[in-house]
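**Student:** Below is target02.txt; it holds compact mmCIF, C-alpha atoms.
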```txt
# COMPACT_ATOMS: atom_id res chain seq x y z
CA MET A 17 40.99 87.86 184.55
CA CYS A 18 44.69 87.55 183.80
CA ARG A 19 46.86 86.56 186.70
CA THR A 20 49.84 88.63 187.76
CA LEU A 21 53.09 87.74 186.07
CA ASN A 22 56.08 86.68 188.08
CA PRO A 23 57.95 90.00 188.44
CA GLN A 24 61.35 88.26 188.46
CA PRO A 25 61.11 85.28 186.12
CA SER A 26 64.01 82.99 185.38
CA HIS A 27 65.17 83.30 181.77
CA GLY A 28 67.61 80.40 181.61
CA LYS A 29 67.27 77.28 179.49
CA GLN A 30 66.47 75.23 182.59
CA PHE A 31 63.39 77.38 183.21
CA TRP A 32 62.09 76.98 179.65
CA THR A 33 62.57 73.21 179.61
CA SER A 34 60.97 72.56 182.97
CA ALA A 35 57.52 71.04 183.30
CA TRP A 36 56.65 73.89 185.67
CA ALA A 37 57.26 76.45 182.93
CA SER A 38 54.96 74.60 180.55
CA ARG A 39 52.16 74.50 183.12
CA TYR A 40 52.80 78.14 184.06
CA HIS A 41 52.49 79.44 180.52
CA ARG A 42 49.53 77.31 179.50
CA SER A 43 47.45 77.58 182.66
CA ASN A 44 48.26 80.79 184.54
CA LEU A 45 48.24 83.32 181.72
CA CYS A 46 45.63 84.42 179.23
CA PRO A 47 46.67 84.19 175.53
CA SER A 48 47.29 87.90 174.99
CA ARG A 49 49.45 88.16 178.12
CA VAL A 50 51.39 85.05 177.10
CA ASP A 51 52.23 86.59 173.71
CA ARG A 52 53.45 89.81 175.32
CA TYR A 53 55.48 87.81 177.84
CA TYR A 54 57.19 85.76 175.11
CA ARG A 55 58.05 88.95 173.23
CA ARG A 56 59.55 90.51 176.35
CA TYR A 57 61.32 87.37 177.59
CA PRO A 58 61.93 85.19 174.50
CA PRO A 59 63.17 81.64 175.02
CA PRO A 60 66.60 80.59 173.71
CA PRO A 61 66.82 80.49 169.87
CA THR A 62 66.82 76.69 169.81
CA MET A 63 63.64 76.57 171.87
CA LYS A 64 61.26 78.85 170.01
CA ARG A 65 57.55 78.18 170.36
CA ASN A 66 56.10 75.81 167.77
CA THR A 67 52.87 77.70 167.18
CA ARG A 68 51.82 75.45 164.27
CA ALA A 69 52.10 72.41 166.52
CA GLU A 70 50.16 74.16 169.27
CA ALA A 71 47.37 75.01 166.81
CA ALA A 72 47.24 71.40 165.56
CA ARG A 73 47.12 70.08 169.11
CA ALA A 74 44.32 72.49 169.91
CA LEU A 75 42.26 71.05 167.02
CA LEU A 76 42.87 67.53 168.28
CA THR A 77 42.20 68.17 171.97
CA SER A 78 39.92 71.21 172.37
CA GLY A 79 36.18 70.70 172.62
CA ASP A 80 33.44 69.10 174.66
CA GLY A 81 34.13 65.61 173.38
CA ARG A 82 37.16 63.40 172.84
CA LEU A 83 39.02 62.68 169.64
CA LYS A 84 37.61 59.56 167.94
CA LEU A 85 39.07 57.47 165.12
CA GLU A 86 36.90 54.89 163.36
CA CYS A 87 37.99 52.17 160.96
CA TYR A 88 37.30 48.52 160.27
CA ASN A 89 40.31 46.78 161.83
CA ASN A 90 43.72 47.37 163.39
CA GLU A 91 45.74 46.79 160.22
CA CYS A 92 44.12 49.33 157.93
CA ALA A 93 44.51 52.82 156.51
CA ALA A 94 43.96 54.28 159.98
CA GLU A 95 46.94 52.49 161.54
CA PRO A 96 49.55 55.15 160.58
CA VAL A 97 47.25 57.79 162.08
CA ARG A 98 46.97 55.80 165.31
CA ILE A 99 50.74 55.50 165.52
CA ALA A 100 51.30 59.22 164.84
CA LEU A 101 48.73 60.26 167.45
CA SER A 102 50.38 57.97 169.98
CA LEU A 103 53.83 59.37 169.19
CA VAL A 104 52.69 62.96 169.80
CA LYS A 105 50.74 61.89 172.90
CA ILE A 106 47.27 62.88 171.74
CA PRO A 107 44.60 60.79 173.51
CA PHE A 108 41.88 59.32 171.29
CA ASP A 109 39.15 56.69 171.21
CA ASN A 110 39.93 53.91 168.77
CA VAL A 111 36.70 52.46 167.34
CA CYS A 112 37.11 49.28 165.29
CA VAL A 113 34.06 48.30 163.24
CA ALA A 114 33.47 44.60 162.69
CA PHE A 115 33.67 43.55 159.05
CA GLN A 116 30.10 42.25 159.01
CA ASP A 117 28.86 45.62 160.31
CA LEU A 118 30.80 47.62 157.73
CA PRO A 119 28.09 48.04 155.03
CA ALA A 120 25.54 49.39 157.51
CA LYS A 121 28.13 51.58 159.27
CA LYS A 122 29.34 53.20 156.05
CA THR A 123 25.88 54.53 155.26
CA THR A 124 26.04 56.66 158.42
CA MET A 125 29.51 58.07 157.73
CA LYS A 126 30.59 61.12 155.78
CA HIS A 127 31.27 60.17 152.14
CA CYS A 128 30.34 56.59 153.10
CA ALA A 129 34.02 55.83 153.64
CA MET A 130 36.55 54.90 156.31
CA PRO A 131 38.64 55.82 158.16
CA GLN A 132 36.86 58.73 159.76
CA MET A 133 38.10 61.05 162.49
CA THR A 134 35.78 63.09 164.71
CA LEU A 135 37.46 66.03 166.42
CA PRO A 136 36.50 66.97 170.00
CA ASP A 137 34.42 69.90 168.69
CA GLY A 138 32.38 67.53 166.48
CA THR A 139 34.11 68.27 163.16
CA VAL A 140 34.35 65.18 160.96
CA VAL A 141 37.62 64.62 159.09
CA THR A 142 38.00 62.20 156.18
CA GLU A 143 41.00 61.01 154.14
CA ASN A 144 43.71 59.20 156.04
CA LEU A 145 46.54 61.38 154.67
CA ALA A 146 44.85 64.54 155.95
CA MET A 147 44.58 62.91 159.38
CA LEU A 148 48.20 61.77 159.26
CA ARG A 149 49.49 65.23 158.34
CA LEU A 150 47.44 66.81 161.13
CA ALA A 151 48.78 64.33 163.68
CA GLY A 152 52.33 64.89 162.43
CA GLU A 153 51.94 68.65 162.65
CA ALA A 154 50.98 68.26 166.32
CA ASP A 155 54.52 67.14 167.13
CA LEU A 156 55.98 69.79 169.44
CA GLU A 157 59.50 68.67 168.50
CA GLY A 158 58.72 69.46 164.86
CA LYS A 159 60.16 66.19 163.53
CA LEU A 160 57.24 64.09 162.30
CA TYR A 161 56.02 66.71 159.82
CA PRO A 162 58.26 69.79 160.13
CA GLN A 163 56.77 73.17 159.33
CA SER A 164 59.84 75.34 159.79
CA ASN A 165 61.98 73.60 157.16
CA THR A 166 60.47 73.70 153.67
CA MET A 167 63.01 71.29 152.17
CA GLU A 168 62.39 68.64 154.85
CA ARG A 169 58.64 68.88 154.29
CA PHE A 170 59.20 68.71 150.52
CA ARG A 171 61.15 65.46 150.94
CA ILE A 172 58.34 64.03 153.01
CA GLU A 173 55.80 64.93 150.33
CA GLN A 174 57.96 63.23 147.69
CA VAL A 175 57.99 60.00 149.69
CA LEU A 176 54.25 60.22 150.33
CA GLY A 177 53.75 60.41 146.57
CA ALA A 178 55.91 57.32 146.04
CA ILE A 179 53.95 55.45 148.71
CA ALA A 180 50.71 56.36 146.92
CA GLU A 181 52.01 54.67 143.78
CA ILE A 182 53.07 51.60 145.77
CA THR A 183 49.60 51.45 147.32
CA ARG A 184 47.86 51.64 143.93
CA ALA A 185 49.96 48.78 142.56
CA TRP A 186 49.35 46.71 145.69
CA GLN A 187 45.60 47.27 145.51
CA LEU A 188 45.59 46.06 141.91
CA ALA A 189 47.18 42.82 143.08
CA VAL A 190 44.87 42.44 146.09
CA TYR A 191 41.50 43.82 144.99
CA ASN A 192 41.42 42.91 141.31
CA PRO A 193 41.38 39.19 142.16
CA VAL A 194 38.53 39.83 144.61
CA HIS A 195 36.54 41.64 141.92
CA LEU A 196 37.45 38.93 139.44
CA GLN A 197 36.04 36.26 141.70
CA ALA A 198 32.91 38.22 142.57
CA PHE A 199 31.97 39.78 139.25
CA ALA A 200 34.00 38.64 136.26
CA CYS A 201 33.89 34.87 136.50
CA GLY A 202 30.22 34.11 137.08
CA PRO A 203 29.06 31.41 139.51
CA GLU A 204 31.75 29.68 141.53
CA ASP A 205 31.36 26.35 139.72
CA GLU A 206 31.99 28.14 136.39
CA ARG A 207 35.20 29.95 137.40
CA THR A 208 37.54 27.63 135.53
CA ASP A 209 40.16 30.28 134.78
CA ALA A 210 39.81 32.44 137.92
CA ASP A 211 42.62 30.86 139.96
CA ALA A 212 45.06 31.00 137.05
CA THR A 213 44.29 34.66 136.40
CA ILE A 214 44.62 35.56 140.08
CA ASN A 215 47.92 33.72 140.26
CA GLN A 216 49.16 35.61 137.21
CA LEU A 217 48.19 39.03 138.65
CA CYS A 218 49.83 38.46 142.04
CA THR A 219 52.92 36.73 140.67
CA SER A 220 53.44 39.57 138.23
CA PHE A 221 53.27 42.04 141.10
CA VAL A 222 55.91 40.14 143.13
CA ASN A 223 58.27 39.45 140.23
CA LYS A 224 58.03 42.75 138.35
CA GLU A 225 56.27 45.61 140.11
CA MET A 226 57.61 45.02 143.62
CA SER A 227 61.26 45.39 142.62
CA ARG A 228 60.54 48.70 140.86
CA LEU A 229 58.43 50.09 143.70
CA ILE A 230 60.77 49.01 146.48
CA GLY A 231 63.50 50.75 144.48
CA TYR A 232 61.83 54.07 145.29
CA LEU A 233 62.28 53.51 149.02
CA LYS A 234 65.82 52.18 148.60
CA HIS A 235 66.71 55.37 146.73
CA TYR A 236 65.48 57.59 149.55
CA LEU A 237 67.31 55.49 152.15
CA GLN A 238 70.57 55.59 150.19
CA GLU A 239 70.30 59.32 149.52
CA GLY A 240 72.71 60.84 152.02
CA GLU A 241 72.96 57.51 153.86
CA ASN A 242 69.72 58.17 155.71
CA ASN A 243 68.60 56.02 158.61
CA PHE A 244 65.04 56.86 157.65
CA LEU A 245 63.32 57.81 154.42
CA CYS A 246 63.64 61.58 154.85
CA GLY A 247 66.75 61.96 156.98
CA GLY A 248 68.09 60.99 160.36
CA HIS A 249 64.81 60.82 162.26
CA LEU A 250 61.36 59.28 161.97
CA THR A 251 58.67 61.18 160.02
CA ILE A 252 55.09 60.51 158.92
CA ALA A 253 56.57 59.21 155.64
CA ASP A 254 58.27 56.36 157.51
CA ILE A 255 55.08 55.59 159.43
CA LEU A 256 52.95 55.40 156.29
CA ALA A 257 55.56 53.49 154.26
CA TYR A 258 56.08 50.97 157.06
CA ASN A 259 52.36 50.20 157.22
CA THR A 260 52.18 49.85 153.43
CA ILE A 261 55.23 47.58 153.10
CA HIS A 262 54.23 45.52 156.13
CA ASN A 263 51.13 44.44 154.19
CA PHE A 264 53.43 42.48 151.87
CA GLN A 265 54.41 40.28 154.83
CA ARG A 266 50.92 39.62 156.15
CA THR A 267 49.82 37.02 153.55
CA VAL A 268 46.64 39.00 152.86
CA ALA A 269 46.87 38.35 149.12
CA ASP A 270 46.93 34.95 147.46
CA HIS A 271 50.20 34.02 145.79
CA VAL A 272 52.14 36.80 147.58
CA PRO A 273 54.51 34.97 149.97
CA ASN A 274 55.14 36.54 153.36
CA ASP A 275 58.90 36.28 152.81
CA CYS A 276 58.80 38.38 149.63
CA LEU A 277 60.85 41.15 151.29
CA GLU A 278 63.81 38.89 152.06
CA ALA A 279 65.38 39.99 148.77
CA TYR A 280 65.52 43.57 150.06
CA PRO A 281 67.72 43.61 153.21
CA GLU A 282 67.94 47.41 153.23
CA ILE A 283 64.17 47.61 153.58
CA LEU A 284 64.09 45.05 156.38
CA GLU A 285 66.83 46.94 158.24
CA TRP A 286 64.87 50.17 157.86
CA MET A 287 61.74 48.45 159.20
CA ASP A 288 63.75 47.23 162.19
CA ARG A 289 64.84 50.82 162.88
CA VAL A 290 61.22 51.97 162.80
CA ASP A 291 60.27 49.16 165.20
CA ALA A 292 63.18 50.11 167.47
CA ASN A 293 61.94 53.69 167.90
CA PRO A 294 61.02 53.86 171.61
CA LYS A 295 57.68 55.57 170.98
CA VAL A 296 56.69 53.15 168.21
CA ALA A 297 57.71 50.21 170.39
CA ALA A 298 55.63 51.59 173.26
CA TYR A 299 52.58 51.91 171.01
CA LYS A 300 52.95 48.35 169.74
CA ALA A 301 53.33 47.10 173.30
CA THR A 302 49.96 48.62 174.21
CA LYS A 303 48.35 46.79 171.28
CA LYS A 304 49.56 43.44 172.60
CA MET A 305 48.09 44.05 176.06
```
Any chance you could put this one into structure tokens?
**Tutor:**
Amino acid sequence: MCRTLNPQPSHGKQFWTSAWASRYHRSNLCPSRVDRYYRRYPPPPTMKRNTRAEAARALLTSGDGRLKLECYNNECAAEPVRIALSLVKIPFDNVCVAFQDLPAKKTTMKHCAMPQMTLPDGTVVTENLAMLRLAGEADLEGKLYPQSNTMERFRIEQVLGAIAEITRAWQLAVYNPVHLQAFACGPEDERTDADATINQLCTSFVNKEMSRLIGYLKHYLQEGENNFLCGGHLTIADILAYNTIHNFQRTVADHVPNDCLEAYPEILEWMDRVDANPKVAAYKATKKM
């Protein structure tokens, strides 16, 4: 049964921004009564309800279970999703699968791939970009992945496309050598040219491809003198790009030095700004605990 509305509600901005108002509207009223109440007593224009964000948050929090995110380690395709969920304050269980358990685990997962997200209602979500967009849409401030501004969202999608190209080029430098060692060169004692070929692939990436690909990000930062890739605030594009570029510094590929970004001070400054975001810093602090 719907509870009785406050016959003399406060309509000021202070009322709408208070924690009490949030609890009142989400707990004391049934959905149909809430909608009628908002129509009768609309909030200030700058504080309209973000119904898309509310719907996304409902997907991520409503159900008998708890949101679960599974992947093979902390520095993987799921890391941007973890950061975005933390920024929008969505609780989740982070399940890291040991590398040696990965082959057996993949056989039990949808599409035999990671990362995998299980919503509280049991729905299984695949593809890290789909997860990232959903987490970004759950931002009540509408900044991580804005729905009300088509141009802002379009800019984000442009950057996501550029990051996809950077990722493909990086994977060629990282995974081709692995495949070369495992499949193309025969037994280990017969791999006379393997190291030279691997060196050539990775060195070519650093000396040629990296400059071109980093140029994409520099262009977006210089466009309108942005502090971030899509404007003056952090978006899911910054989160994904940061994780991708940070791989260049982790020495995870042979012949790719961890100081390879020193030639791009604008990128390092942008990464510092991402690190300095209070919510990102808080997430990273929890990882160190």
**Student:** Within 7 Å of Ala100 in chain A, counting only C-alpha atoms, which residues show up once you throw out same-chain ones fewer than 4 positions away? Write them as an NGL selection string, please.
**Tutor:** :A and (96 or 104 or 148 or 151-152)
**Student:** Counting all atoms listed in the file, which of A:Thr251, A:Asn259, A:Asn293, A:Asn89 gets nearest to Arg149 in chain A?
**Tutor:**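 Of all the options, A:Thr251 lies closest to Arg149 in chain A.
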**Student:** Rounded to one decimal place, report the CA of Val140 in chain A-CA of Lys84 in chain A distance in Å.
**Tutor:**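 A separation of 9.5 Å between them.
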**Student:** Kindly compute an axis-aligned box around the listed atoms of range 129-146 of chain A, allowing 3 Å on each side, and express its centre and edge lengths in Å to one decimal as AutoDock Vina command-line options.
**Tutor:**
```
--center_x 39.5 --center_y 62.4 --center_z 161.8 --size_x 20.2 --size_y 21.0 --size_z 22.4
```
**Student:** At a cut-off of 9 Å from (36.9, 49.4, 158.7) in the coordinates of the file, what residues are picked up using all atoms listed in the file, written as a PyMOL selection string?
**Tutor:** chain A and resi 86-90+92-94+112-115+118+122+129-131
**Student:** Which one is closest to Leu284 in chain A: A:Lys303, A:Arg266, A:Arg171, A:Lys234? Count only C-alpha atoms.
**Tutor:** A:Lys234
**Student:** Pick out the closest residue to Leu103 in chain A from this set: A:Glu91, A:Asp155, A:Asp80, A:Asp137. Count only C-alpha atoms.
**Tutor:**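 Answer, going by the shortest atom-to-atom distance: A:Asp155.
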**Student:** Can you pull out the residues contacting Tyr258 in chain A? Cut-off 12 Å, using only C-alpha atoms, and skip same-chain residues under 5 positions away; I want them as a ChimeraX atom specification.
**Tutor:** /A:91,93,95-96,99,175-176,179,182-183,230,233,244-245,250-253,263-265,283-291,296
**Student:** Would you mind telling me which residue in A:Ile214, A:Cys276, A:Leu156, A:Leu145 lies nearest to Ala257 in chain A when using all atoms listed in the file?
**Tutor:**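 Answer, going by the shortest atom-to-atom distance: A:Leu145.
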**Student:** Would you compute the distance between CA of Val141 in chain A and CA of Leu101 in chain A? Give it in Å to one decimal.
**Tutor:** 14.6 Å
**Student:** So, counting all atoms listed in the file, which residue among A:Leu75, A:Ser164, A:Arg169, A:Lys121 is closest to Met147 in chain A?
**Tutor:**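 Once distances to Met147 in chain A are computed over all atoms listed in the file, the minimum belongs to A:Leu75.
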